[in-house]
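A.B. asks: This one is entry12.txt, compact mmCIF, C-alpha atoms and all ligand atoms.
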```txt
# COMPACT_ATOMS: atom_id res chain seq x y z
CA MET Q 1 174.68 -149.91 43.46
CA VAL Q 2 173.55 -148.88 46.86
CA SER Q 3 175.89 -147.04 49.15
CA LEU Q 4 175.77 -148.35 52.65
CA PHE Q 5 176.11 -145.00 54.33
CA VAL Q 6 174.09 -142.81 52.08
CA HIS Q 7 171.07 -145.08 52.03
CA GLY Q 8 171.38 -147.41 54.97
CA VAL Q 9 170.61 -151.04 54.38
CA ILE Q 10 169.84 -152.43 57.71
CA ASN Q 11 166.16 -152.59 58.26
CA GLY Q 12 166.23 -155.18 60.96
CA CYS Q 13 166.66 -153.96 64.51
CA HIS Q 14 167.02 -150.24 63.90
CA HIS Q 15 163.87 -148.30 63.36
CA THR Q 16 166.02 -145.56 61.83
CA PHE Q 17 167.49 -147.95 59.21
CA LYS Q 18 170.79 -146.17 59.68
CA VAL Q 19 174.15 -147.80 60.19
CA VAL Q 20 175.62 -146.63 63.47
CA SER Q 21 178.82 -148.67 63.59
CA PRO Q 22 181.92 -146.45 63.56
CA ARG Q 23 183.38 -146.06 60.08
CA LEU Q 24 186.92 -146.52 61.26
CA PHE Q 25 187.87 -149.19 58.75
CA MET Q 26 185.16 -148.70 56.16
CA PRO Q 27 185.48 -146.57 53.06
CA ALA Q 28 182.77 -143.90 52.81
CA ASP Q 29 181.45 -145.39 49.58
CA LEU Q 30 181.26 -148.96 50.80
CA ARG Q 31 178.66 -150.88 48.77
CA VAL Q 32 176.34 -153.54 50.06
CA SER Q 33 177.54 -155.91 47.35
CA GLU Q 34 181.05 -155.74 48.76
CA LEU Q 35 179.83 -157.55 51.83
CA ILE Q 36 178.51 -160.48 49.81
CA SER Q 37 180.56 -163.36 48.47
CA LYS Q 38 179.47 -164.81 45.17
CA GLU Q 39 180.59 -168.41 45.50
CA PRO Q 40 178.98 -169.71 47.48
CA VAL Q 41 176.47 -166.90 47.82
CA GLY Q 42 176.47 -165.55 51.34
CA TRP Q 43 177.42 -162.72 53.58
CA LYS Q 44 181.16 -162.29 54.17
CA MET Q 45 180.78 -163.13 57.83
CA GLN Q 46 184.28 -162.31 58.95
CA VAL Q 47 184.32 -159.01 57.14
CA ILE Q 48 180.99 -158.08 58.63
CA ASP Q 49 182.09 -159.07 62.12
CA ALA Q 50 185.20 -156.99 61.75
CA LEU Q 51 183.46 -153.89 60.44
CA PHE Q 52 180.22 -153.67 62.39
CA LEU Q 53 179.11 -153.49 65.94
CA PRO Q 54 177.90 -156.92 67.06
CA HIS Q 55 174.18 -156.10 66.99
CA GLU Q 56 174.42 -154.63 63.50
CA ALA Q 57 176.52 -157.54 62.32
CA ASP Q 58 173.84 -159.89 63.58
CA THR Q 59 171.11 -157.89 61.88
CA ILE Q 60 172.93 -157.99 58.55
CA LYS Q 61 173.61 -161.69 58.80
CA CYS Q 62 169.90 -162.31 59.44
CA ILE Q 63 168.94 -160.82 56.05
CA PRO Q 64 168.35 -163.72 53.67
CA LEU Q 65 170.21 -163.45 50.38
CA SER Q 66 168.94 -164.57 47.02
CA THR Q 67 171.20 -167.05 45.28
CA HIS Q 68 170.46 -165.17 42.05
CA LEU Q 69 172.36 -162.19 43.44
CA PRO Q 70 170.13 -159.50 42.01
CA PRO Q 71 171.75 -156.07 41.72
CA ASP Q 72 171.59 -153.81 44.76
CA LYS Q 73 168.32 -151.96 44.89
CA LEU Q 74 166.95 -149.14 46.95
CA ILE Q 75 163.78 -150.16 48.69
CA TRP Q 76 161.36 -148.36 50.91
CA ALA Q 77 161.54 -150.50 54.00
CA ALA Q 78 158.24 -149.38 55.47
CA THR Q 79 156.04 -151.28 53.01
CA THR Q 80 156.06 -154.95 52.27
CA ASN Q 81 156.43 -154.42 48.53
CA GLY Q 82 159.24 -151.89 48.88
CA SER Q 83 157.36 -149.08 47.12
CA PHE Q 84 157.02 -145.69 48.69
CA SER Q 85 153.61 -144.43 49.81
CA VAL Q 86 152.61 -141.41 51.84
CA ARG Q 87 150.62 -143.64 54.13
CA SER Q 88 153.57 -145.82 55.05
CA ALA Q 89 155.77 -142.76 55.45
CA TYR Q 90 153.26 -141.27 57.83
CA LYS Q 91 153.04 -144.46 59.83
CA LEU Q 92 156.81 -144.65 59.99
CA ALA Q 93 157.05 -141.01 61.06
CA MET Q 94 154.56 -141.68 63.83
CA GLU Q 95 156.47 -144.73 64.97
CA LEU Q 96 159.73 -142.81 64.99
CA SER Q 97 158.24 -139.95 66.92
CA ARG Q 98 156.71 -142.41 69.33
CA SER Q 99 160.03 -144.14 69.96
CA ASP Q 100 161.86 -140.82 70.12
CA ASN Q 101 159.45 -139.77 72.81
CA ALA Q 102 159.39 -143.10 74.56
CA GLY Q 103 157.61 -142.64 77.82
CA SER Q 104 155.91 -139.44 76.79
CA SER Q 105 152.36 -139.13 75.54
CA SER Q 106 153.18 -138.89 71.83
CA ASP Q 107 151.00 -141.24 69.79
CA GLY Q 108 149.26 -141.66 66.45
CA SER Q 109 146.91 -138.78 67.10
CA GLY Q 110 147.17 -137.49 63.50
CA LEU Q 111 146.05 -140.81 62.14
CA ARG Q 112 143.30 -140.94 64.74
CA ILE Q 113 142.08 -137.52 63.71
CA PHE Q 114 142.17 -138.70 60.11
CA TRP Q 115 139.96 -141.74 60.74
CA ARG Q 116 137.62 -139.76 62.93
CA ARG Q 117 137.18 -137.18 60.18
CA ILE Q 118 136.49 -139.94 57.67
CA TRP Q 119 133.53 -141.00 59.77
CA ARG Q 120 132.32 -137.41 59.96
CA ILE Q 121 132.20 -136.75 56.22
CA PRO Q 122 128.62 -135.64 55.52
CA VAL Q 123 127.71 -138.40 53.07
CA PRO Q 124 125.44 -141.45 53.33
CA HIS Q 125 126.82 -144.11 55.57
CA LYS Q 126 127.61 -146.52 52.77
CA ILE Q 127 129.86 -143.92 51.16
CA ARG Q 128 131.68 -143.34 54.43
CA HIS Q 129 132.21 -147.07 54.65
CA PHE Q 130 133.39 -147.13 51.08
CA THR Q 131 135.83 -144.30 51.85
CA TRP Q 132 137.15 -146.14 54.86
CA ARG Q 133 137.67 -149.32 52.84
CA ALA Q 134 139.20 -147.45 49.94
CA CYS Q 135 141.64 -145.68 52.25
CA ARG Q 136 142.63 -149.04 53.66
CA GLU Q 137 142.99 -150.35 50.09
CA ILE Q 138 140.66 -153.28 50.76
CA LEU Q 139 138.37 -152.96 47.75
CA PRO Q 140 138.54 -155.73 45.14
CA THR Q 141 140.68 -153.93 42.58
CA LYS Q 142 142.52 -156.03 40.03
CA ALA Q 143 145.76 -155.37 41.89
CA ASN Q 144 144.23 -156.80 45.06
CA LEU Q 145 142.60 -159.68 43.20
CA LYS Q 146 145.84 -160.59 41.50
CA ARG Q 147 147.63 -160.56 44.84
CA ARG Q 148 145.05 -163.06 46.02
CA LYS Q 149 145.54 -165.02 42.78
CA VAL Q 150 141.90 -164.51 41.74
CA VAL Q 151 142.86 -162.91 38.41
CA ASP Q 152 145.99 -163.15 36.28
CA THR Q 153 146.44 -159.56 35.21
CA ASP Q 154 146.29 -156.33 37.12
CA ASN Q 155 146.51 -153.76 34.36
CA CYS Q 156 143.87 -151.05 34.08
CA GLU Q 157 141.37 -151.79 31.32
CA GLU Q 158 140.38 -148.14 31.07
CA CYS Q 159 143.72 -146.90 29.83
CA ASN Q 160 145.86 -150.03 29.55
CA ASN Q 161 148.55 -147.92 31.08
CA GLY Q 162 148.91 -148.74 34.73
CA LEU Q 163 148.28 -151.04 37.59
CA GLU Q 164 144.63 -151.09 38.59
CA ASN Q 165 144.82 -150.05 42.20
CA LEU Q 166 142.70 -147.37 43.86
CA GLY Q 167 145.29 -144.63 43.48
CA HIS Q 168 145.18 -145.29 39.76
CA LEU Q 169 141.42 -145.78 39.37
CA PHE Q 170 140.49 -142.68 41.35
CA TRP Q 171 143.32 -140.37 40.45
CA SER Q 172 146.04 -141.11 37.94
CA CYS Q 173 144.06 -143.06 35.33
CA GLN Q 174 143.23 -141.08 32.22
CA ARG Q 175 139.53 -141.62 32.90
CA ALA Q 176 139.84 -140.33 36.47
CA ARG Q 177 141.69 -137.25 35.15
CA GLN Q 178 138.83 -136.53 32.76
CA ILE Q 179 136.25 -136.95 35.51
CA TRP Q 180 138.01 -134.57 37.91
CA GLN Q 181 138.29 -132.05 35.11
CA CYS Q 182 134.49 -132.09 34.82
CA THR Q 183 134.21 -130.84 38.41
CA LYS Q 184 134.84 -127.34 39.61
CA LEU Q 185 137.10 -128.70 42.32
CA ARG Q 186 140.60 -127.33 42.68
CA PHE Q 187 143.27 -129.43 44.32
CA ALA Q 188 146.09 -127.67 46.10
CA PHE Q 189 148.74 -130.28 45.41
CA GLU Q 190 150.69 -131.67 42.52
CA PRO Q 191 148.80 -134.51 40.81
CA THR Q 192 151.96 -136.62 41.13
CA ALA Q 193 151.81 -136.36 44.91
CA ILE Q 194 148.99 -138.90 44.91
CA SER Q 195 149.75 -142.59 44.68
CA SER Q 196 146.83 -144.00 46.65
CA PHE Q 197 143.31 -143.03 47.60
CA PHE Q 198 144.58 -142.64 51.16
CA ASP Q 199 147.02 -139.97 49.91
CA LEU Q 200 144.20 -138.09 48.21
CA VAL Q 201 141.89 -138.09 51.22
CA TRP Q 202 144.79 -137.37 53.56
CA HIS Q 203 145.71 -134.27 51.56
CA LEU Q 204 142.10 -133.12 51.58
CA ILE Q 205 141.36 -133.55 55.26
CA MET Q 206 144.74 -133.24 56.94
CA VAL Q 207 146.96 -131.07 54.75
CA GLU Q 208 144.42 -128.69 53.24
CA GLU Q 209 141.89 -126.99 55.44
CA PHE Q 210 139.20 -129.58 56.13
CA ASP Q 211 136.33 -128.54 53.87
CA GLU Q 212 133.60 -131.10 54.61
CA ASP Q 213 131.57 -130.36 51.49
CA LYS Q 214 134.57 -130.65 49.22
CA VAL Q 215 135.59 -133.96 50.78
CA ALA Q 216 131.98 -135.17 50.54
CA THR Q 217 131.99 -134.37 46.82
CA VAL Q 218 135.33 -136.07 46.23
CA VAL Q 219 134.43 -139.31 48.00
CA THR Q 220 130.99 -139.43 46.40
CA ILE Q 221 132.52 -139.05 42.95
CA ALA Q 222 135.08 -141.73 43.81
CA TRP Q 223 132.21 -143.93 44.89
CA SER Q 224 130.37 -143.31 41.63
CA ILE Q 225 133.55 -144.12 39.68
CA TRP Q 226 133.84 -147.37 41.58
CA ALA Q 227 130.16 -148.22 41.13
CA ASN Q 228 130.25 -147.54 37.39
CA HIS Q 229 133.55 -149.38 37.07
CA ASN Q 230 131.87 -152.46 38.53
CA GLU Q 231 128.78 -152.00 36.36
CA VAL Q 232 130.97 -151.95 33.27
CA ARG Q 233 132.75 -155.07 34.43
CA HIS Q 234 129.40 -156.80 34.55
CA GLY Q 235 128.29 -155.65 31.12
CA GLY Q 236 126.80 -152.29 32.12
CA ILE Q 237 127.17 -149.00 30.32
CA LYS Q 238 130.15 -146.77 30.86
CA LYS Q 239 128.95 -143.33 31.94
CA THR Q 240 130.71 -140.17 30.90
CA GLY Q 241 132.68 -138.17 33.42
CA ALA Q 242 130.14 -135.35 33.23
CA ALA Q 243 127.28 -137.77 33.94
CA LEU Q 244 129.05 -139.20 37.00
CA VAL Q 245 129.81 -135.74 38.36
CA LYS Q 246 126.21 -134.61 37.82
CA TRP Q 247 124.80 -137.74 39.40
CA SER Q 248 127.08 -137.34 42.44
CA ALA Q 249 125.96 -133.74 42.95
CA GLN Q 250 122.28 -134.73 42.79
CA TYR Q 251 122.82 -137.63 45.13
CA LEU Q 252 124.49 -135.39 47.71
CA ASP Q 253 121.75 -132.78 47.38
CA GLU Q 254 119.09 -135.38 48.04
CA TYR Q 255 121.01 -136.68 51.03
CA ARG Q 256 121.40 -133.20 52.49
CA GLY Q 257 117.71 -132.49 51.95
CA ALA Q 258 116.66 -135.70 53.67
CA ASN Q 259 118.94 -135.05 56.63
CA SER Q 260 117.89 -131.51 57.35
CA SER Q 261 114.76 -132.60 59.25
CA PRO Q 262 115.12 -134.20 62.68
CA GLU Q 263 114.60 -137.94 62.92
CA PRO Q 264 111.65 -139.14 64.99
CA ILE Q 265 112.64 -141.35 67.88
CA PRO Q 266 109.97 -143.91 68.72
CA ARG Q 267 109.66 -144.94 72.34
CA SER Q 268 109.67 -148.44 73.60
CA GLN Q 269 109.12 -149.96 77.00
CA ASP Q 270 111.38 -152.98 76.73
CA VAL Q 271 115.13 -153.14 77.18
CA LYS Q 272 116.63 -151.76 74.04
CA TRP Q 273 120.06 -151.19 72.76
CA SER Q 274 120.88 -147.51 72.43
CA PRO Q 275 123.43 -146.04 70.05
CA PRO Q 276 126.56 -144.24 71.21
CA PRO Q 277 126.77 -140.45 71.11
CA ARG Q 278 127.83 -138.79 67.88
CA THR Q 279 131.38 -139.66 66.68
CA ARG Q 280 131.71 -142.47 69.22
CA TYR Q 281 131.22 -146.22 68.79
CA LYS Q 282 129.56 -148.85 70.85
CA ILE Q 283 131.04 -152.30 71.19
CA ASN Q 284 128.68 -154.98 72.43
CA VAL Q 285 130.27 -158.15 73.73
CA ASP Q 286 128.97 -161.46 74.91
CA GLY Q 287 130.19 -164.95 75.65
CA ALA Q 288 128.61 -168.38 75.25
CA VAL Q 289 129.66 -171.66 76.84
CA PHE Q 290 129.46 -174.99 75.02
CA LYS Q 291 129.98 -177.50 77.79
CA THR Q 292 129.78 -180.66 75.74
CA GLN Q 293 132.29 -179.36 73.23
CA LYS Q 294 134.58 -178.02 75.97
CA SER Q 295 134.73 -174.74 74.15
CA ALA Q 296 133.33 -171.25 74.37
CA GLY Q 297 132.39 -168.48 71.99
CA VAL Q 298 132.84 -164.74 72.01
CA GLY Q 299 130.74 -162.30 70.03
CA VAL Q 300 131.77 -158.71 69.36
CA LEU Q 301 129.71 -156.15 67.49
CA ILE Q 302 130.90 -152.60 66.79
CA ARG Q 303 128.28 -150.08 65.76
CA ASP Q 304 128.30 -146.37 65.15
CA GLU Q 305 125.99 -143.58 66.19
CA HIS Q 306 123.44 -144.67 63.57
CA GLY Q 307 123.43 -148.25 64.69
CA GLN Q 308 125.28 -149.24 61.52
CA ILE Q 309 127.68 -152.14 61.80
CA VAL Q 310 131.33 -151.19 61.53
CA ALA Q 311 132.66 -154.63 62.33
CA ALA Q 312 131.58 -157.91 63.89
CA LEU Q 313 133.45 -160.91 65.21
CA SER Q 314 132.70 -164.47 66.25
CA GLN Q 315 135.67 -166.06 67.93
CA LYS Q 316 136.00 -169.54 69.33
CA ILE Q 317 137.94 -170.33 72.49
CA ASN Q 318 139.02 -173.95 72.61
CA ALA Q 319 139.03 -174.24 76.38
CA PRO Q 320 136.33 -175.31 78.84
CA LEU Q 321 135.83 -171.87 80.34
CA GLY Q 322 132.99 -170.98 82.68
CA ALA Q 323 130.40 -168.31 81.89
CA LEU Q 324 132.13 -165.56 83.85
CA GLU Q 325 135.52 -166.34 82.42
CA VAL Q 326 134.17 -166.20 78.88
CA GLU Q 327 132.58 -162.82 79.57
CA ALA Q 328 135.95 -161.52 80.78
CA LYS Q 329 137.75 -162.95 77.75
CA ALA Q 330 135.09 -161.37 75.55
CA VAL Q 331 136.13 -157.95 76.82
CA GLU Q 332 139.78 -158.67 76.11
CA ILE Q 333 139.04 -160.00 72.62
CA ALA Q 334 136.78 -157.02 71.90
CA LEU Q 335 139.56 -154.60 72.81
CA GLN Q 336 141.97 -156.38 70.46
CA PHE Q 337 139.37 -156.29 67.73
CA ALA Q 338 138.73 -152.57 68.29
CA ARG Q 339 142.44 -151.89 67.94
CA ASP Q 340 142.61 -154.00 64.78
CA VAL Q 341 139.86 -152.01 63.11
CA SER Q 342 141.19 -148.66 64.40
CA ILE Q 343 138.28 -147.83 66.65
CA SER Q 344 139.54 -145.67 69.46
CA ASP Q 345 136.67 -143.89 71.14
CA PHE Q 346 133.96 -146.25 72.32
CA ILE Q 347 131.62 -147.60 74.92
CA MET Q 348 132.09 -151.27 75.77
CA GLU Q 349 128.82 -152.86 76.65
CA GLY Q 350 128.07 -156.33 77.97
CA ASP Q 351 125.39 -158.10 79.97
CA SER Q 352 127.51 -159.41 82.83
CA LEU Q 353 127.02 -157.17 85.84
CA VAL Q 354 129.95 -158.77 87.66
CA ILE Q 355 132.34 -157.97 84.82
CA TYR Q 356 130.89 -154.49 84.42
CA ASN Q 357 131.34 -153.72 88.13
CA ALA Q 358 134.89 -155.05 88.02
CA LEU Q 359 135.77 -152.96 84.94
CA CYS Q 360 134.34 -149.82 86.53
CA GLY Q 361 136.06 -150.51 89.85
CA HIS Q 362 132.72 -150.72 91.67
CA SER Q 363 133.72 -154.07 93.11
CA PRO Q 364 136.84 -156.23 92.95
CA PRO Q 365 136.83 -158.87 90.20
CA PRO Q 366 136.42 -162.53 91.18
CA SER Q 367 139.89 -164.08 91.38
CA SER Q 368 139.32 -166.34 88.36
CA VAL Q 369 139.04 -163.31 86.09
CA ALA Q 370 141.17 -160.79 88.01
CA SER Q 371 144.18 -161.05 85.72
CA VAL Q 372 142.08 -160.80 82.55
CA ILE Q 373 140.25 -157.75 83.89
CA SER Q 374 143.38 -155.95 85.04
CA GLY Q 375 145.03 -156.74 81.68
CA ALA Q 376 142.00 -155.35 79.86
CA LEU Q 377 142.09 -152.15 81.90
CA VAL Q 378 145.76 -151.65 81.06
CA PHE Q 379 144.97 -152.32 77.40
CA CYS Q 380 142.33 -149.57 77.50
CA GLY Q 381 145.20 -147.10 77.78
CA VAL Q 382 145.99 -147.44 74.07
CA PHE Q 383 142.60 -146.00 73.14
CA GLN Q 384 141.45 -142.45 73.12
CA GLN Q 385 138.45 -143.00 75.35
CA VAL Q 386 136.81 -146.14 76.69
CA ASP Q 387 133.70 -146.24 78.84
CA PHE Q 388 131.81 -149.23 80.12
CA SER Q 389 128.12 -149.88 80.10
CA HIS Q 390 125.88 -152.67 81.29
CA ILE Q 391 122.77 -153.82 79.47
CA ARG Q 392 120.32 -156.59 80.25
CA ARG Q 393 120.56 -159.68 78.06
CA GLN Q 394 117.52 -158.71 76.08
CA GLY Q 395 119.38 -155.68 74.73
CA ASN Q 396 122.53 -157.59 73.91
CA LYS Q 397 121.05 -160.12 71.56
CA PRO Q 398 123.19 -159.56 68.43
CA ALA Q 399 126.42 -160.03 70.41
CA HIS Q 400 124.92 -163.16 71.96
CA LEU Q 401 124.07 -164.56 68.51
CA LEU Q 402 127.62 -163.84 67.36
CA ALA Q 403 128.98 -165.73 70.37
CA LYS Q 404 126.73 -168.69 69.59
CA HIS Q 405 127.72 -168.58 65.93
CA VAL Q 406 131.13 -170.07 66.78
CA LEU Q 407 129.48 -173.48 67.05
CA GLY Q 408 129.61 -173.68 63.29
CA ILE Q 409 133.14 -172.39 62.76
CA VAL Q 410 136.69 -173.53 63.42
CA ASP Q 411 138.47 -170.47 64.69
CA TYR Q 412 136.95 -167.08 64.07
CA VAL Q 413 134.98 -165.07 61.53
CA ALA Q 414 135.11 -161.30 61.19
CA TRP Q 415 132.81 -159.08 59.19
CA LEU Q 416 133.76 -155.56 58.19
CA GLU Q 417 131.00 -153.12 57.32
CA GLU Q 418 128.60 -155.86 56.56
CA SER Q 419 126.02 -157.54 58.63
CA PRO Q 420 126.15 -161.27 59.24
CA CYS Q 421 122.87 -162.49 57.77
CA PHE Q 422 121.85 -164.33 60.92
CA LEU Q 423 121.76 -161.00 62.77
CA THR Q 424 119.23 -159.30 60.54
CA GLN Q 425 116.22 -159.74 62.78
CA ALA Q 426 117.99 -158.89 66.02
CA LEU Q 427 119.51 -155.83 64.41
CA THR Q 428 116.21 -154.59 63.07
CA HIS Q 429 114.98 -154.64 66.63
CA ASP Q 430 118.02 -152.65 67.78
CA VAL Q 431 118.15 -150.00 65.12
CA SER Q 432 114.46 -149.31 64.61
CA PHE Q 433 114.96 -145.95 66.33
CA SER Q 434 117.14 -144.65 63.51
CA ILE Q 435 115.19 -145.66 60.42
ZN ZN W 501 143.79 -146.56 33.88
```
Any chance you could give the structure as structure tokens?
C.D. replies:
Amino acid sequence: MVSLFVHGVINGCHHTFKVVSPRLFMPADLRVSELISKEPVGWKMQVIDALFLPHEADTIKCIPLSTHLPPDKLIWAATTNGSFSVRSAYKLAMELSRSDNAGSSSDGSGLRIFWRRIWRIPVPHKIRHFTWRACREILPTKANLKRRKVVDTDNCEECNNGLENLGHLFWSCQRARQIWQCTKLRFAFEPTAISSFFDLVWHLIMVEEFDEDKVATVVTIAWSIWANHNEVRHGGIKKTGAALVKWSAQYLDEYRGANSSPEPIPRSQDVKWSPPPRTRYKINVDGAVFKTQKSAGVGVLIRDEHGQIVAALSQKINAPLGALEVEAKAVEIALQFARDVSISDFIMEGDSLVIYNALCGHSPPPSSVASVISGALVFCGVFQQVDFSHIRRQGNKPAHLLAKHVLGIVDYVAWLEESPCFLTQALTHDVSFSI
């Protein structure tokens, strides 16, 4: 049974989850179950009103009760499934520190550093993307597939002894243990400290001293585990741990060899998209107006220093906006999208000179877009660094195609680390400098 004071039960309005009502009339070992009547099942309203401060009483009464009256259980309130994870604890800690320092500059800088370091790991881009997705737990593991009701079971087929999520596949599974033993890597933490891939990478790049080569090896091996895991699923051969470790080392060696010579940069006379500086991102935005349909479209494309797509968005606006208004909304939507995909240091680029001048403060915005522009500028404050850039239409073609793509969709479509197929040609034009 859960003690109200030791554990705290109220996870509604208090970010601390602690009961603050004075304990005047409550025994120190008051149990949650003592506040619940069994027939009919419900909170003992009068008791709660008498014992708690009004806002806590309201919070308690808002918690829906199961008519099955399951026994009291301790849950970790920071995740939706109630299980503890380092990631959620970190997020919670950041939120608490942010609210404790309300008004000061405290923010999620640790998490920002983490994501920035992920993108700096010296591995091929696809492995960085894989790492990013794995840390966000968005790979199609059986646990994820079961959640989406694609498969019925989520147990690990390797060991039949655990839930097949990424923490298991890459760390706690018997097979993963054997693979890590084949490496010369030493990990300065207890194996039990890891429950997700995020935990593992977090330990390596935030807790331990950030050793880029070690992290590169770890994520490349994880990638090879994942690749072989999928091969086996489709009838391929299961490789031994030693073979995966050897293959990963060779792969990294080849990558390092290929990247030690400078890349040639061909010149071109026409207007061309240019990539952002190292470690930054570029977000291209554009709008399209569909007069007859009384709607508009917004296209957003986020690319990294190599011109690789990080994320793309086509979003429909069901309102008869004019061209300028759509361009302004495109900036706002792009900022929201950047926040959603945790991009914090970027150059926002569009082909509307009026909007660009307004964003830079070179000239006042036209009144029809003034509120959107000023809102967007305020929103920029949540990011680490935002700069604006203007490009002629010719150089903004992929974003334009994304904006036009909304004609065929209902609401919006987002792509993460993959390229919408209808962009292939326009993108080849853009990224030819880096291949
Ligand atoms: Zn397993």
A.B. asks: Which residues come within 12 Å of Glu158 in chain Q, counting only C-alpha atoms, excluding same-chain residues fewer than 6 positions away, as a list of chain:residue names?
C.D. replies: Q:Glu164, Q:His168, Q:Leu169, Q:Phe170, Q:Ser172, Q:Cys173, Q:Gln174, Q:Arg175, Q:Ala176, Q:Arg177, Q:Gln178, Q:Ile225, Q:Asn228, Q:His229, Q:Val232, Q:Arg233, Q:Lys238
A.B. asks: Just the number, please: distance in Å from CA of Leu321 in chain Q to CA of Ile355 in chain Q, one decimal.
C.D. replies: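 It comes out at 15.0 Å.
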A.B. asks: Considering only C-alpha atoms, state which residue in the set Q:Phe114, Q:Ile127, Q:Ala188, Q:His306 is at the smallest distance from Tyr251 in chain Q.
C.D. replies: Q:Ile127
A.B. asks: Hey, what's within 8 Å of Asn396 in chain Q if we count only C-alpha atoms and toss same-chain stuff fewer than 3 positions away? As a list in words, please?
C.D. replies: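 Close residues of Asn396 in chain Q: Trp273, Asn284, Val285, Asp286, Gly350, Asp351, Ile391, Arg392, Arg393, Ala399 and His400 of chain Q.
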A.B. asks: Given the choices Q:Tyr255, Q:Trp171, Q:Phe210, Q:Tyr412, which gets closest to ligand ZN 501 (chain W) if the distance is worked out from only C-alpha atoms and all ligand atoms?
C.D. replies: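 Under the stated criterion, the closest residue is Q:Trp171.
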A.B. asks: I'd like the interatomic distance between CA of Glu208 in chain Q and CA of Leu139 in chain Q, to a tenth of an Å.
C.D. replies: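 That distance, rounded to one decimal, is 25.6 Å.
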A.B. asks: By how many Å are CA of Thr424 in chain Q and CA of Thr220 in chain Q apart?
C.D. replies: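 That distance, rounded to one decimal, is 27.1 Å.
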A.B. asks: Which one of Q:Asn160, Q:Ala242, Q:Arg303, Q:Pro124 sits closest to Trp223 in chain Q if you count all atoms listed in the file?
C.D. replies: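 Between Q:Asn160, Q:Ala242, Q:Arg303, Q:Pro124, the residue approaching Trp223 in chain Q most closely is Q:Pro124.
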A.B. asks: Which one of Q:Ser342, Q:Ser295, Q:Asn155, Q:Asn357 sits closest to ligand ZN 501 (chain W) if you count only C-alpha atoms and all ligand atoms?
C.D. replies: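 Of the candidates, the smallest distance to ligand ZN 501 (chain W) is held by Q:Asn155.
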A.B. asks: Find the spatial neighbours of Arg278 in chain Q, counting all atoms listed in the file, within a cut-off of 10 Å - ignore same-chain residues fewer than 2 positions away - and output them as a ChimeraX atom specification.
C.D. replies: /Q:120,275-276,280-281,304-306
A.B. asks: Limited to C-alpha atoms, could you put the picked residues into a file as a compact mmCIF listing (two decimals), keeping the file's coordinate frame?
C.D. replies:
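Contents of the output file again17.txt:
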```txt
# COMPACT_ATOMS: atom_id res chain seq x y z
CA ARG Q 120 132.32 -137.41 59.96
CA PRO Q 275 123.43 -146.04 70.05
CA PRO Q 276 126.56 -144.24 71.21
CA ARG Q 280 131.71 -142.47 69.22
CA TYR Q 281 131.22 -146.22 68.79
CA ASP Q 304 128.30 -146.37 65.15
CA GLU Q 305 125.99 -143.58 66.19
CA HIS Q 306 123.44 -144.67 63.57
```
A.B. asks: Around the point (145.6, -153.3, 37.3), in the coordinates given by the file, pick out the residues reaching within 7 Å, counting all atoms listed in the file, and return them as a list in words.
C.D. replies: Lys142, Ala143, Thr153, Asp154, Asn155, Cys156, Gly162, Leu163, Glu164 and Asn165 of chain Q
A.B. asks: Nearest to Ile283 in chain Q among Q:Tyr356, Q:Phe388, Q:Trp43, Q:Phe422, with distances taken over all atoms listed in the file: which residue is it?
C.D. replies: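 Comparing Q:Tyr356, Q:Phe388, Q:Trp43, Q:Phe422 against Ile283 in chain Q, the winner is Q:Phe388.
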A.B. asks: Arg186 in chain Q: which residues within 12 Å, counting only C-alpha atoms, same-chain residues fewer than 6 positions away excluded, as a ChimeraX atom specification?
C.D. replies: /Q:180,204,208,214-215,217-218
A.B. asks: Keeping only C-alpha atoms, write those residues as a PDB file, in the frame of the given file.
C.D. replies:
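Ended up saving to out_13.pdb:
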```pdb
ATOM      1  CA  TRP Q 180     138.010-134.570  37.910  1.00  0.00           C
ATOM      2  CA  LEU Q 204     142.100-133.120  51.580  1.00  0.00           C
ATOM      3  CA  GLU Q 208     144.420-128.690  53.240  1.00  0.00           C
ATOM      4  CA  LYS Q 214     134.570-130.650  49.220  1.00  0.00           C
ATOM      5  CA  VAL Q 215     135.590-133.960  50.780  1.00  0.00           C
ATOM      6  CA  THR Q 217     131.990-134.370  46.820  1.00  0.00           C
ATOM      7  CA  VAL Q 218     135.330-136.070  46.230  1.00  0.00           C
TER       8      VAL Q 218
END
```
A.B. asks: Determine the nearest neighbour of Gln394 in chain Q from the options Q:Asp211, Q:Asp430, Q:Glu418, Q:Glu157, counting all atoms listed in the file.
C.D. replies: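 Using all atoms listed in the file, the shortest distance to Gln394 in chain Q belongs to Q:Asp430.
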